Each structure stands twice: as C-alpha cells, then as structure tokens.
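For reference, data_7.pdb (PDB, C-alpha atoms and all ligand atoms):
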MODEL        1
ATOM      1  CA  MET A   1    -177.321  53.046   2.665  1.00  0.00           C
ATOM      2  CA  ILE A   2    -173.603  53.159   1.977  1.00  0.00           C
ATOM      3  CA  THR A   3    -172.094  52.009  -1.300  1.00  0.00           C
ATOM      4  CA  GLY A   4    -168.468  52.475  -0.333  1.00  0.00           C
ATOM      5  CA  LEU A   5    -166.497  54.100   2.428  1.00  0.00           C
ATOM      6  CA  PRO A   6    -164.785  57.414   1.731  1.00  0.00           C
ATOM      7  CA  TYR A   7    -161.088  56.622   1.476  1.00  0.00           C
ATOM      8  CA  ARG A   8    -157.684  58.239   1.310  1.00  0.00           C
ATOM      9  CA  PRO A   9    -156.320  58.134  -2.242  1.00  0.00           C
ATOM     10  CA  CYS A  10    -153.124  56.189  -3.007  1.00  0.00           C
ATOM     11  CA  PRO A  11    -149.942  57.650  -4.372  1.00  0.00           C
ATOM     12  CA  LEU A  12    -149.189  55.260  -7.240  1.00  0.00           C
ATOM     13  CA  ILE A  13    -145.567  54.634  -8.064  1.00  0.00           C
ATOM     14  CA  LEU A  14    -144.761  53.166 -11.453  1.00  0.00           C
ATOM     15  CA  ALA A  15    -141.176  52.077 -11.923  1.00  0.00           C
ATOM     16  CA  ALA A  16    -139.657  50.000 -14.714  1.00  0.00           C
ATOM     17  CA  PRO A  17    -136.644  49.713 -16.953  1.00  0.00           C
ATOM     18  CA  SER A  18    -136.469  52.441 -19.565  1.00  0.00           C
ATOM     19  CA  GLY A  19    -138.544  51.601 -22.664  1.00  0.00           C
ATOM     20  CA  THR A  20    -141.170  49.535 -20.852  1.00  0.00           C
ATOM     21  CA  GLY A  21    -143.960  51.993 -21.561  1.00  0.00           C
ATOM     22  CA  LYS A  22    -144.595  53.131 -17.997  1.00  0.00           C
ATOM     23  CA  THR A  23    -144.761  56.813 -18.981  1.00  0.00           C
ATOM     24  CA  THR A  24    -147.493  55.980 -21.505  1.00  0.00           C
ATOM     25  CA  ILE A  25    -149.384  54.043 -18.826  1.00  0.00           C
ATOM     26  CA  ALA A  26    -149.019  56.918 -16.339  1.00  0.00           C
ATOM     27  CA  HIS A  27    -150.358  59.531 -18.783  1.00  0.00           C
ATOM     28  CA  ALA A  28    -153.176  57.256 -19.960  1.00  0.00           C
ATOM     29  CA  LEU A  29    -154.379  56.738 -16.365  1.00  0.00           C
ATOM     30  CA  VAL A  30    -154.621  60.497 -15.920  1.00  0.00           C
ATOM     31  CA  GLU A  31    -156.398  61.024 -19.251  1.00  0.00           C
ATOM     32  CA  ARG A  32    -158.901  58.191 -18.851  1.00  0.00           C
ATOM     33  CA  PHE A  33    -159.895  58.309 -15.207  1.00  0.00           C
ATOM     34  CA  ALA A  34    -161.155  61.000 -12.881  1.00  0.00           C
ATOM     35  CA  ARG A  35    -159.221  61.453  -9.640  1.00  0.00           C
ATOM     36  CA  PHE A  36    -155.838  60.547 -11.187  1.00  0.00           C
ATOM     37  CA  VAL A  37    -153.217  63.274 -11.451  1.00  0.00           C
ATOM     38  CA  PHE A  38    -149.668  63.094 -12.866  1.00  0.00           C
ATOM     39  CA  SER A  39    -146.738  64.003 -10.632  1.00  0.00           C
ATOM     40  CA  VAL A  40    -144.582  66.360 -12.685  1.00  0.00           C
ATOM     41  CA  SER A  41    -140.952  65.719 -11.710  1.00  0.00           C
ATOM     42  CA  ALA A  42    -138.120  68.209 -11.760  1.00  0.00           C
ATOM     43  CA  THR A  43    -135.193  67.280 -14.001  1.00  0.00           C
ATOM     44  CA  THR A  44    -131.911  68.679 -15.266  1.00  0.00           C
ATOM     45  CA  ARG A  45    -132.366  66.776 -18.551  1.00  0.00           C
ATOM     46  CA  PRO A  46    -133.103  69.031 -21.541  1.00  0.00           C
ATOM     47  CA  PRO A  47    -136.559  68.614 -23.137  1.00  0.00           C
ATOM     48  CA  ARG A  48    -136.934  65.977 -25.897  1.00  0.00           C
ATOM     49  CA  GLY A  49    -139.120  66.282 -28.999  1.00  0.00           C
ATOM     50  CA  ASP A  50    -142.564  67.593 -28.117  1.00  0.00           C
ATOM     51  CA  GLU A  51    -142.111  67.608 -24.339  1.00  0.00           C
ATOM     52  CA  SER A  52    -143.291  70.783 -22.638  1.00  0.00           C
ATOM     53  CA  ASP A  53    -142.117  72.476 -19.486  1.00  0.00           C
ATOM     54  CA  GLY A  54    -144.475  72.067 -16.536  1.00  0.00           C
ATOM     55  CA  VAL A  55    -146.392  69.245 -18.256  1.00  0.00           C
ATOM     56  CA  ASP A  56    -143.916  66.405 -18.816  1.00  0.00           C
ATOM     57  CA  TYR A  57    -141.281  67.755 -16.442  1.00  0.00           C
ATOM     58  CA  ASP A  58    -140.212  70.938 -14.745  1.00  0.00           C
ATOM     59  CA  PHE A  59    -136.990  71.435 -16.704  1.00  0.00           C
ATOM     60  CA  VAL A  60    -134.513  73.152 -14.390  1.00  0.00           C
ATOM     61  CA  SER A  61    -130.800  73.919 -14.247  1.00  0.00           C
ATOM     62  CA  ARG A  62    -128.480  71.829 -12.070  1.00  0.00           C
ATOM     63  CA  GLU A  63    -128.154  74.858  -9.728  1.00  0.00           C
ATOM     64  CA  ALA A  64    -131.931  75.167  -9.379  1.00  0.00           C
ATOM     65  CA  PHE A  65    -132.196  71.395  -8.759  1.00  0.00           C
ATOM     66  CA  GLU A  66    -129.519  71.544  -6.067  1.00  0.00           C
ATOM     67  CA  ALA A  67    -131.362  74.452  -4.437  1.00  0.00           C
ATOM     68  CA  MET A  68    -134.505  72.293  -4.349  1.00  0.00           C
ATOM     69  CA  ILE A  69    -132.546  69.525  -2.593  1.00  0.00           C
ATOM     70  CA  GLU A  70    -131.095  72.052  -0.112  1.00  0.00           C
ATOM     71  CA  GLY A  71    -134.538  73.502   0.575  1.00  0.00           C
ATOM     72  CA  GLY A  72    -135.987  70.045   1.331  1.00  0.00           C
ATOM     73  CA  GLU A  73    -138.450  70.425  -1.535  1.00  0.00           C
ATOM     74  CA  LEU A  74    -137.868  66.964  -2.999  1.00  0.00           C
ATOM     75  CA  LEU A  75    -139.365  63.859  -1.449  1.00  0.00           C
ATOM     76  CA  GLU A  76    -136.882  61.739  -3.385  1.00  0.00           C
ATOM     77  CA  TRP A  77    -134.336  62.321  -6.103  1.00  0.00           C
ATOM     78  CA  ALA A  78    -131.861  60.283  -8.105  1.00  0.00           C
ATOM     79  CA  GLU A  79    -129.288  60.554 -10.849  1.00  0.00           C
ATOM     80  CA  VAL A  80    -130.488  58.581 -13.877  1.00  0.00           C
ATOM     81  CA  HIS A  81    -128.427  58.222 -17.065  1.00  0.00           C
ATOM     82  CA  GLY A  82    -126.355  61.268 -16.041  1.00  0.00           C
ATOM     83  CA  ASN A  83    -129.249  63.618 -15.260  1.00  0.00           C
ATOM     84  CA  LEU A  84    -130.957  64.497 -11.976  1.00  0.00           C
ATOM     85  CA  TYR A  85    -134.642  63.739 -11.447  1.00  0.00           C
ATOM     86  CA  GLY A  86    -136.763  64.386  -8.370  1.00  0.00           C
ATOM     87  CA  THR A  87    -140.311  64.372  -7.035  1.00  0.00           C
ATOM     88  CA  PRO A  88    -141.465  67.641  -5.456  1.00  0.00           C
ATOM     89  CA  ARG A  89    -142.924  66.911  -2.025  1.00  0.00           C
ATOM     90  CA  ARG A  90    -145.831  69.259  -2.766  1.00  0.00           C
ATOM     91  CA  ASN A  91    -147.060  66.964  -5.594  1.00  0.00           C
ATOM     92  CA  LEU A  92    -148.054  64.326  -3.046  1.00  0.00           C
ATOM     93  CA  GLU A  93    -149.332  66.827  -0.498  1.00  0.00           C
ATOM     94  CA  ALA A  94    -151.554  68.638  -3.016  1.00  0.00           C
ATOM     95  CA  ALA A  95    -153.003  65.378  -4.379  1.00  0.00           C
ATOM     96  CA  ALA A  96    -153.751  64.083  -0.875  1.00  0.00           C
ATOM     97  CA  ALA A  97    -155.473  67.352   0.016  1.00  0.00           C
ATOM     98  CA  ARG A  98    -157.652  67.132  -3.132  1.00  0.00           C
ATOM     99  CA  GLY A  99    -158.400  63.416  -2.674  1.00  0.00           C
ATOM    100  CA  GLU A 100    -156.621  62.458  -5.895  1.00  0.00           C
ATOM    101  CA  HIS A 101    -154.457  59.450  -6.785  1.00  0.00           C
ATOM    102  CA  VAL A 102    -151.091  60.912  -7.749  1.00  0.00           C
ATOM    103  CA  VAL A 103    -149.186  58.888 -10.362  1.00  0.00           C
ATOM    104  CA  LEU A 104    -145.396  58.927 -10.134  1.00  0.00           C
ATOM    105  CA  ASP A 105    -143.345  57.787 -13.120  1.00  0.00           C
ATOM    106  CA  ILE A 106    -139.934  57.371 -11.505  1.00  0.00           C
ATOM    107  CA  ASP A 107    -136.889  55.134 -11.566  1.00  0.00           C
ATOM    108  CA  VAL A 108    -136.234  52.164  -9.323  1.00  0.00           C
ATOM    109  CA  GLN A 109    -133.876  54.061  -6.961  1.00  0.00           C
ATOM    110  CA  GLY A 110    -136.564  56.713  -6.384  1.00  0.00           C
ATOM    111  CA  ALA A 111    -139.191  54.039  -5.731  1.00  0.00           C
ATOM    112  CA  ARG A 112    -136.925  52.471  -3.113  1.00  0.00           C
ATOM    113  CA  GLN A 113    -136.605  55.822  -1.302  1.00  0.00           C
ATOM    114  CA  LEU A 114    -140.368  56.329  -1.298  1.00  0.00           C
ATOM    115  CA  ARG A 115    -141.005  52.914   0.236  1.00  0.00           C
ATOM    116  CA  GLU A 116    -139.907  54.504   3.539  1.00  0.00           C
ATOM    117  CA  ARG A 117    -140.852  58.146   2.962  1.00  0.00           C
ATOM    118  CA  ALA A 118    -144.376  57.544   1.642  1.00  0.00           C
ATOM    119  CA  PRO A 119    -145.490  54.254   3.234  1.00  0.00           C
ATOM    120  CA  GLU A 120    -149.047  54.813   1.992  1.00  0.00           C
ATOM    121  CA  ALA A 121    -147.824  54.578  -1.620  1.00  0.00           C
ATOM    122  CA  VAL A 122    -148.532  51.576  -3.839  1.00  0.00           C
ATOM    123  CA  LEU A 123    -145.468  50.411  -5.756  1.00  0.00           C
ATOM    124  CA  ILE A 124    -146.010  48.832  -9.152  1.00  0.00           C
ATOM    125  CA  PHE A 125    -143.169  47.441 -11.221  1.00  0.00           C
ATOM    126  CA  VAL A 126    -143.916  47.369 -14.942  1.00  0.00           C
ATOM    127  CA  PHE A 127    -142.420  44.476 -16.928  1.00  0.00           C
ATOM    128  CA  PRO A 128    -141.823  44.493 -20.654  1.00  0.00           C
ATOM    129  CA  PRO A 129    -143.440  41.450 -22.298  1.00  0.00           C
ATOM    130  CA  SER A 130    -140.054  40.381 -23.739  1.00  0.00           C
ATOM    131  CA  ALA A 131    -136.479  41.504 -24.275  1.00  0.00           C
ATOM    132  CA  SER A 132    -137.135  42.014 -27.982  1.00  0.00           C
ATOM    133  CA  ALA A 133    -140.107  44.286 -27.186  1.00  0.00           C
ATOM    134  CA  LEU A 134    -137.808  46.331 -24.934  1.00  0.00           C
ATOM    135  CA  TRP A 135    -135.192  46.540 -27.662  1.00  0.00           C
ATOM    136  CA  GLY A 136    -137.866  47.506 -30.186  1.00  0.00           C
ATOM    137  CA  ARG A 137    -139.228  50.293 -27.972  1.00  0.00           C
ATOM    138  CA  LEU A 138    -135.786  51.706 -27.151  1.00  0.00           C
ATOM    139  CA  THR A 139    -134.655  51.813 -30.776  1.00  0.00           C
ATOM    140  CA  ALA A 140    -138.025  52.976 -32.177  1.00  0.00           C
ATOM    141  CA  ARG A 141    -137.798  56.202 -30.181  1.00  0.00           C
ATOM    142  CA  GLY A 142    -135.009  57.214 -32.540  1.00  0.00           C
ATOM    143  CA  THR A 143    -133.815  59.715 -29.944  1.00  0.00           C
ATOM    144  CA  GLU A 144    -131.185  57.505 -28.333  1.00  0.00           C
ATOM    145  CA  ALA A 145    -127.771  56.626 -29.784  1.00  0.00           C
ATOM    146  CA  MET A 146    -126.908  52.933 -29.896  1.00  0.00           C
ATOM    147  CA  ASP A 147    -124.471  53.329 -26.977  1.00  0.00           C
ATOM    148  CA  GLU A 148    -127.289  54.777 -24.908  1.00  0.00           C
ATOM    149  CA  VAL A 149    -129.629  51.907 -25.843  1.00  0.00           C
ATOM    150  CA  ARG A 150    -126.976  49.428 -24.713  1.00  0.00           C
ATOM    151  CA  ARG A 151    -126.516  51.372 -21.464  1.00  0.00           C
ATOM    152  CA  ARG A 152    -130.253  51.293 -20.771  1.00  0.00           C
ATOM    153  CA  LEU A 153    -130.468  47.547 -21.458  1.00  0.00           C
ATOM    154  CA  ALA A 154    -127.563  46.894 -19.087  1.00  0.00           C
ATOM    155  CA  ALA A 155    -129.312  49.041 -16.443  1.00  0.00           C
ATOM    156  CA  ALA A 156    -132.498  47.005 -17.004  1.00  0.00           C
ATOM    157  CA  GLN A 157    -130.663  43.877 -15.838  1.00  0.00           C
ATOM    158  CA  ASP A 158    -130.054  45.479 -12.422  1.00  0.00           C
ATOM    159  CA  GLU A 159    -133.445  47.196 -12.206  1.00  0.00           C
ATOM    160  CA  LEU A 160    -135.346  43.952 -12.790  1.00  0.00           C
ATOM    161  CA  ALA A 161    -133.718  42.482  -9.685  1.00  0.00           C
ATOM    162  CA  GLU A 162    -135.657  45.056  -7.611  1.00  0.00           C
ATOM    163  CA  ALA A 163    -139.070  43.884  -8.802  1.00  0.00           C
ATOM    164  CA  ARG A 164    -139.500  41.454  -5.905  1.00  0.00           C
ATOM    165  CA  HIS A 165    -139.562  44.368  -3.436  1.00  0.00           C
ATOM    166  CA  PHE A 166    -142.570  46.001  -5.094  1.00  0.00           C
ATOM    167  CA  ASP A 167    -146.234  45.510  -4.133  1.00  0.00           C
ATOM    168  CA  TYR A 168    -147.335  44.474  -7.631  1.00  0.00           C
ATOM    169  CA  ILE A 169    -145.918  43.523 -11.023  1.00  0.00           C
ATOM    170  CA  VAL A 170    -147.840  44.454 -14.166  1.00  0.00           C
ATOM    171  CA  VAL A 171    -146.728  43.227 -17.589  1.00  0.00           C
ATOM    172  CA  ASN A 172    -147.190  45.800 -20.335  1.00  0.00           C
ATOM    173  CA  ASP A 173    -147.975  43.327 -23.108  1.00  0.00           C
ATOM    174  CA  ASP A 174    -150.866  45.487 -24.275  1.00  0.00           C
ATOM    175  CA  LEU A 175    -151.473  49.083 -23.197  1.00  0.00           C
ATOM    176  CA  ASP A 176    -155.205  48.738 -22.494  1.00  0.00           C
ATOM    177  CA  ARG A 177    -154.727  45.527 -20.552  1.00  0.00           C
ATOM    178  CA  ALA A 178    -151.879  47.025 -18.519  1.00  0.00           C
ATOM    179  CA  ILE A 179    -154.008  50.080 -17.691  1.00  0.00           C
ATOM    180  CA  SER A 180    -156.922  47.855 -16.615  1.00  0.00           C
ATOM    181  CA  ARG A 181    -154.587  45.931 -14.325  1.00  0.00           C
ATOM    182  CA  VAL A 182    -153.299  49.113 -12.685  1.00  0.00           C
ATOM    183  CA  ARG A 183    -156.872  50.406 -12.359  1.00  0.00           C
ATOM    184  CA  ALA A 184    -157.890  47.133 -10.680  1.00  0.00           C
ATOM    185  CA  ILE A 185    -154.990  47.424  -8.224  1.00  0.00           C
ATOM    186  CA  VAL A 186    -156.040  50.959  -7.248  1.00  0.00           C
ATOM    187  CA  GLU A 187    -159.646  49.819  -6.875  1.00  0.00           C
ATOM    188  CA  ALA A 188    -158.616  46.992  -4.533  1.00  0.00           C
ATOM    189  CA  GLU A 189    -156.195  49.207  -2.585  1.00  0.00           C
ATOM    190  CA  SER A 190    -158.976  51.760  -2.052  1.00  0.00           C
ATOM    191  CA  HIS A 191    -160.928  49.105  -0.144  1.00  0.00           C
ATOM    192  CA  ARG A 192    -158.255  48.471   2.455  1.00  0.00           C
ATOM    193  CA  PRO A 193    -159.494  49.273   5.985  1.00  0.00           C
ATOM    194  CA  SER A 194    -156.332  51.317   6.511  1.00  0.00           C
ATOM    195  CA  ARG A 195    -157.353  53.711   3.707  1.00  0.00           C
ATOM    196  CA  ALA A 196    -160.875  54.369   5.027  1.00  0.00           C
ATOM    197  CA  LEU A 197    -161.169  57.993   6.089  1.00  0.00           C
ATOM    198  CA  ASP A 198    -163.283  57.360   9.155  1.00  0.00           C
ATOM    199  CA  LEU A 199    -163.511  53.629   9.800  1.00  0.00           C
ATOM    200  CA  GLU A 200    -164.125  54.051  13.537  1.00  0.00           C
ATOM    201  CA  GLY A 201    -167.005  56.488  12.918  1.00  0.00           C
ATOM    202  CA  GLU A 202    -168.503  54.131  10.345  1.00  0.00           C
ATOM    203  CA  LEU A 203    -168.302  51.183  12.749  1.00  0.00           C
ATOM    204  CA  VAL A 204    -170.034  53.180  15.492  1.00  0.00           C
ATOM    205  CA  ARG A 205    -172.797  54.208  13.052  1.00  0.00           C
ATOM    206  CA  LEU A 206    -173.370  50.696  11.688  1.00  0.00           C
ATOM    207  CA  ARG A 207    -173.355  49.084  15.111  1.00  0.00           C
ATOM    208  CA  GLY A 208    -175.793  51.744  16.361  1.00  0.00           C
ATOM    209  CA  GLN A 209    -178.078  50.988  13.417  1.00  0.00           C
ATOM    210  CA  ILE A 210    -177.931  47.267  14.175  1.00  0.00           C
ATOM    211  CA  ASP A 211    -178.959  48.046  17.781  1.00  0.00           C
ATOM    212  CA  ASP A 212    -181.928  50.057  16.444  1.00  0.00           C
ATOM    213  CA  VAL A 213    -183.010  47.260  14.100  1.00  0.00           C
ATOM    214  CA  MET A 214    -182.815  44.764  16.960  1.00  0.00           C
ATOM    215  CA  ARG A 215    -184.767  47.060  19.271  1.00  0.00           C
ATOM    216  CA  LYS A 216    -187.516  47.545  16.689  1.00  0.00           C
ATOM    217  CA  ALA A 217    -187.697  43.809  16.106  1.00  0.00           C
ATOM    218  CA  GLY A 218    -188.006  43.338  19.879  1.00  0.00           C
ATOM    219  CA  ALA A 219    -184.934  41.166  19.804  1.00  0.00           C
TER     220      ALA A 219
HETATM  221  P1  LIG B   1    -136.554  60.025 -19.171  1.00  0.00           P
HETATM  222  O1  LIG B   1    -135.357  60.893 -19.276  1.00  0.00           O
HETATM  223  O2  LIG B   1    -136.507  58.893 -20.179  1.00  0.00           O
HETATM  224  O3  LIG B   1    -137.832  60.811 -19.230  1.00  0.00           O
HETATM  225  O4  LIG B   1    -136.525  59.348 -17.730  1.00  0.00           O
HETATM  226  C1  LIG B   1    -135.434  58.587 -17.320  1.00  0.00           C
HETATM  227  C2  LIG B   1    -135.807  57.859 -16.044  1.00  0.00           C
HETATM  228  O5  LIG B   1    -135.953  58.782 -14.965  1.00  0.00           O
HETATM  229  C3  LIG B   1    -137.127  57.100 -16.149  1.00  0.00           C
HETATM  230  O6  LIG B   1    -136.965  55.821 -15.531  1.00  0.00           O
HETATM  231  C4  LIG B   1    -138.073  57.957 -15.345  1.00  0.00           C
HETATM  232  O7  LIG B   1    -139.140  57.216 -14.800  1.00  0.00           O
HETATM  233  C5  LIG B   1    -137.140  58.456 -14.262  1.00  0.00           C
HETATM  234  N1  LIG B   1    -137.697  59.609 -13.530  1.00  0.00           N
HETATM  235  C6  LIG B   1    -138.513  60.571 -13.995  1.00  0.00           C
HETATM  236  N2  LIG B   1    -138.844  61.415 -13.017  1.00  0.00           N
HETATM  237  C7  LIG B   1    -138.240  60.967 -11.892  1.00  0.00           C
HETATM  238  C8  LIG B   1    -138.219  61.413 -10.518  1.00  0.00           C
HETATM  239  O8  LIG B   1    -138.839  62.401 -10.124  1.00  0.00           O
HETATM  240  N3  LIG B   1    -137.468  60.706  -9.647  1.00  0.00           N
HETATM  241  C9  LIG B   1    -136.766  59.600 -10.028  1.00  0.00           C
HETATM  242  N4  LIG B   1    -136.088  58.960  -9.089  1.00  0.00           N
HETATM  243  N5  LIG B   1    -136.763  59.150 -11.301  1.00  0.00           N
HETATM  244  C10 LIG B   1    -137.490  59.832 -12.216  1.00  0.00           C
ENDMDL
END
Translate the structure described by the file into structure tokens.
Amino acid sequence: MITGLPYRPCPLILAAPSGTGKTTIAHALVERFARFVFSVSATTRPPRGDESDGVDYDFVSREAFEAMIEGGELLEWAEVHGNLYGTPRRNLEAAAARGEHVVLDIDVQGARQLRERAPEAVLIFVFPPSASALWGRLTARGTEAMDEVRRRLAAAQDELAEARHFDYIVVNDDLDRAISRVRAIVEAESHRPSRALDLEGELVRLRGQIDDVMRKAGA
C-alpha cells in the first residue's frame, strides 16, 4: 500500500514589504515542522540587536560579498535599503540533496530573479493585514529612524505591485493562521505530479498490480 508518493521538496520563497512579519513566519516554519530549513543569506548589513552570525545572516564585508558574486556563489542578490543581500547557491543545493524544504526570506527583486533561476520554487507574497499594522510593526521595532520607516513604506507601495506575479498571497493577520496557510500550500505543492520523485516507476508498478488483480480474478 502507498500512502503518498516520495516527492522533491520545494524551495519556498517568502517575499513581502518590510515589517510584514515574513521573517517571523520563516523562522516559525523551521521551528515547528520537520523537513523545513532556513536559508541563511549573506549580507553587508551590520547585525541588529540579538542577531547572530551564521544563524540570521552571514554578515560579510562588501569586499567578501563582491567576491561571492564574482565566484558565482550567489543564486540571486540585490541591494536593499543600501545594503547587499544574497542567497548562496549551496543553500538550495544542500536542502534538495537532504530532501528538505528550504525557506528563503528575501526581497521582491530577489524573488523575481529566482522565478527564472529556480523554477521549482514556490513564491509566496505575504500581505500585511492593513497599512496601520505595517506602520505599527515598523515603528515598534524601535531600531529604525523615522526617515527609514517612511522610506520602507514608500518602497512597500512599489513592492505590492509585484504580488500578482507570485504563486500565492498569504495575509499575515495572525501568525498561526499565516503559518497554517503556508503549510497548506507546501502540502498541496508536494502532491503535484511534477514533484513526484519517480512517477513513471510508480505508474508501471500500479498498472502491473492492476494486471495481476485482473488475472487473479480471471478477468
Ligand atoms: P533586513 O535588513 O530587515 O533583515 O532585510 C531587509 C530586506 O532584505 C528584507 O526584505 C529581507 O527579506 C531581504 N533579504 C534578506 N536576505 C536576502 C537575500 O538573500 N536576497 C534578497 N534579494 N533579499 C534578502
């Protein structure tokens, strides 16, 4: 008996305007569910608050980042709010080899690049439930100056226009509900025929078994 076909895992790309809570969703997926792993990006931004190197980001110098670009180590990269951010190619390769869903918390420009470079990826755009919630989250951090908050809200206007090019939109009105929605998307995606590891082999087996059943029944 089979209960599900072995499948290739999906790289999961979460993009959203800053302050939407996508980083919280990404980390919660990894903490709550087996087979989910966080893609640690490289960045030239200095660490904030309790962020640690190698966990939240690989914090690198601009020279080191440029060397990574030169060496073809980054699958995508972008300049966001004056700093460079990029996804190491090996993050996706390692996750695929281990059969894990790799979760990328990246900006909209990066997501657009991955649409072509990682066609197997599932792109989810996270919406804030309202403009006031976005404002509340950006100012509650306390780490951003008011000018920066304004800059991020202006950027959100442009970023939202990209949502229609994503595979799914999830509203982060409530963290648990948003996580359940993302989990449901991954569950459904894992049942696509194109993600089955050996669909042809499975079809041959099942059809052979049907022949056997028919033979035994004298049909
Ligand atoms: P923050 O500095 O607030 O951690 O991140 C700023 C923005 O950069 C966020 O939208 C975040 O998702 C995005 N970001 C983080 N890592 C990457 C990455 O590897 N590539 C791209 N393109 N954006 C990233």
Tell me which protein, DNA and RNA residues are within 10 Å of Asp198 (chain A), counting all atoms listed in the file, leaving out same-chain ones fewer than 4 positions away, and put them as a VMD selection string. chain A and resid 5 to 8 193 to 194 202 to 203
Please return as an NGL selection string the residues found within 8 Å of ligand LIG 1 (chain B), counting all atoms listed in the file. :A and (14-19 or 22-23 or 40-43 or 45 or 57 or 76-81 or 83-88 or 104-111)
CA of Ala184 (chain A) and CA of Leu138 (chain A), how far apart in Å?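 These atoms are spaced 27.9 Å apart.
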So which residues get picked by the PyMOL selection byres (((chain A and resi 24) around 12) and not hetatm) here, written as a list in words?
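Evaluating the PyMOL selection byres (((chain A and resi 24) around 12) and not hetatm) on these coordinates yields Leu14, Ala16, Ser18, Gly19, Thr20, Gly21, Lys22, Thr23, Ile25, Ala26, His27, Ala28, Leu29, Val30, Glu31, Arg32, Phe38, Asp56, Val103, Leu104, Asp105, Val126, Arg137, Asn172, Asp174, Leu175, Asp176, Ala178 and Ile179 of chain A.
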Give me a file of those residues, with C-alpha atoms, as a PDB file, in the frame of the given file.
ATOM      1  CA  LEU A  14    -144.761  53.166 -11.453  1.00  0.00           C
ATOM      2  CA  ALA A  16    -139.657  50.000 -14.714  1.00  0.00           C
ATOM      3  CA  SER A  18    -136.469  52.441 -19.565  1.00  0.00           C
ATOM      4  CA  GLY A  19    -138.544  51.601 -22.664  1.00  0.00           C
ATOM      5  CA  THR A  20    -141.170  49.535 -20.852  1.00  0.00           C
ATOM      6  CA  GLY A  21    -143.960  51.993 -21.561  1.00  0.00           C
ATOM      7  CA  LYS A  22    -144.595  53.131 -17.997  1.00  0.00           C
ATOM      8  CA  THR A  23    -144.761  56.813 -18.981  1.00  0.00           C
ATOM      9  CA  ILE A  25    -149.384  54.043 -18.826  1.00  0.00           C
ATOM     10  CA  ALA A  26    -149.019  56.918 -16.339  1.00  0.00           C
ATOM     11  CA  HIS A  27    -150.358  59.531 -18.783  1.00  0.00           C
ATOM     12  CA  ALA A  28    -153.176  57.256 -19.960  1.00  0.00           C
ATOM     13  CA  LEU A  29    -154.379  56.738 -16.365  1.00  0.00           C
ATOM     14  CA  VAL A  30    -154.621  60.497 -15.920  1.00  0.00           C
ATOM     15  CA  GLU A  31    -156.398  61.024 -19.251  1.00  0.00           C
ATOM     16  CA  ARG A  32    -158.901  58.191 -18.851  1.00  0.00           C
ATOM     17  CA  PHE A  38    -149.668  63.094 -12.866  1.00  0.00           C
ATOM     18  CA  ASP A  56    -143.916  66.405 -18.816  1.00  0.00           C
ATOM     19  CA  VAL A 103    -149.186  58.888 -10.362  1.00  0.00           C
ATOM     20  CA  LEU A 104    -145.396  58.927 -10.134  1.00  0.00           C
ATOM     21  CA  ASP A 105    -143.345  57.787 -13.120  1.00  0.00           C
ATOM     22  CA  VAL A 126    -143.916  47.369 -14.942  1.00  0.00           C
ATOM     23  CA  ARG A 137    -139.228  50.293 -27.972  1.00  0.00           C
ATOM     24  CA  ASN A 172    -147.190  45.800 -20.335  1.00  0.00           C
ATOM     25  CA  ASP A 174    -150.866  45.487 -24.275  1.00  0.00           C
ATOM     26  CA  LEU A 175    -151.473  49.083 -23.197  1.00  0.00           C
ATOM     27  CA  ASP A 176    -155.205  48.738 -22.494  1.00  0.00           C
ATOM     28  CA  ALA A 178    -151.879  47.025 -18.519  1.00  0.00           C
ATOM     29  CA  ILE A 179    -154.008  50.080 -17.691  1.00  0.00           C
TER      30      ILE A 179
END
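Among A:Ser190, A:Ser39, A:Ser132, A:Gln209, the residue with the shortest atom-to-atom distance to Ala95 (chain A), counting all atoms listed in the file, is A:Ser39.
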Give me the residues near Pro119 (chain A) as a list in words, where near means some atom within 12 Å (using all atoms listed in the file) and where sequence neighbours in that chain fewer than 6 positions away do not count.
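Once the nearby chain positions are removed, what remains is Cys10, Pro11, Leu12, Ile13, Ala111, Arg112, Gln113, Asp167, Ser194 and Arg195 of chain A.
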In Å and to one decimal, CA of Leu75 (chain A) is distant from CA of Arg90 (chain A) by 8.5 Å
Note to self: Once the PyMOL selection byres (((chain A and resi 129) around 7) and not hetatm) is applied to the coordinates I shared, what remains selected? I want it as a list in words.
What the structure shows: Phe127, Pro128, Ser130, Ala133, Val171, Asn172 and Asp173 of chain A
How far is it from CA of Pro46 (chain A) to CA of Asp58 (chain A), in Å with one decimal?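 Pair CA of Pro46 (chain A) / CA of Asp58 (chain A) returns 10.0 Å.
Nearest-residue note for Ala118 (chain A): choosing from A:Ala96, A:Val204, A:Ala131, A:Leu199, the minimum distance belongs to A:Ala96, counting only C-alpha atoms.
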(request) Return the single residue from A:Thr3, A:Thr139, A:Phe59, A:Ile185 that is closest to Pro47 (chain A), with distances computed using all atoms listed in the file. (result)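 Closest residue, counting all atoms listed in the file: A:Phe59.
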Rebuild region 88-95 of chain A so that it carries N, CA, C and O atoms, then output the result as a compact mmCIF listing (two decimals), in the coordinates of the input.
# COMPACT_ATOMS: atom_id res chain seq x y z
N PRO A 88 -141.14 66.59 -6.43
CA PRO A 88 -141.46 67.64 -5.46
C PRO A 88 -142.45 67.11 -4.40
O PRO A 88 -143.45 66.49 -4.75
N ARG A 89 -142.09 67.34 -3.16
CA ARG A 89 -142.92 66.91 -2.02
C ARG A 89 -144.37 67.42 -2.17
O ARG A 89 -145.33 66.72 -1.88
N ARG A 90 -144.49 68.66 -2.68
CA ARG A 90 -145.83 69.26 -2.77
C ARG A 90 -146.76 68.50 -3.72
O ARG A 90 -147.98 68.59 -3.60
N ASN A 91 -146.20 67.73 -4.68
CA ASN A 91 -147.06 66.96 -5.59
C ASN A 91 -147.92 65.97 -4.82
O ASN A 91 -149.10 65.79 -5.11
N LEU A 92 -147.30 65.31 -3.83
CA LEU A 92 -148.05 64.33 -3.05
C LEU A 92 -148.99 65.02 -2.06
O LEU A 92 -150.12 64.59 -1.86
N GLU A 93 -148.51 66.12 -1.48
CA GLU A 93 -149.33 66.83 -0.50
C GLU A 93 -150.59 67.39 -1.16
O GLU A 93 -151.69 67.26 -0.62
N ALA A 94 -150.41 68.01 -2.33
CA ALA A 94 -151.55 68.64 -3.02
C ALA A 94 -152.57 67.57 -3.43
O ALA A 94 -153.79 67.77 -3.28
N ALA A 95 -152.08 66.44 -3.94
CA ALA A 95 -153.00 65.38 -4.38
C ALA A 95 -153.78 64.82 -3.18
O ALA A 95 -154.99 64.61 -3.27
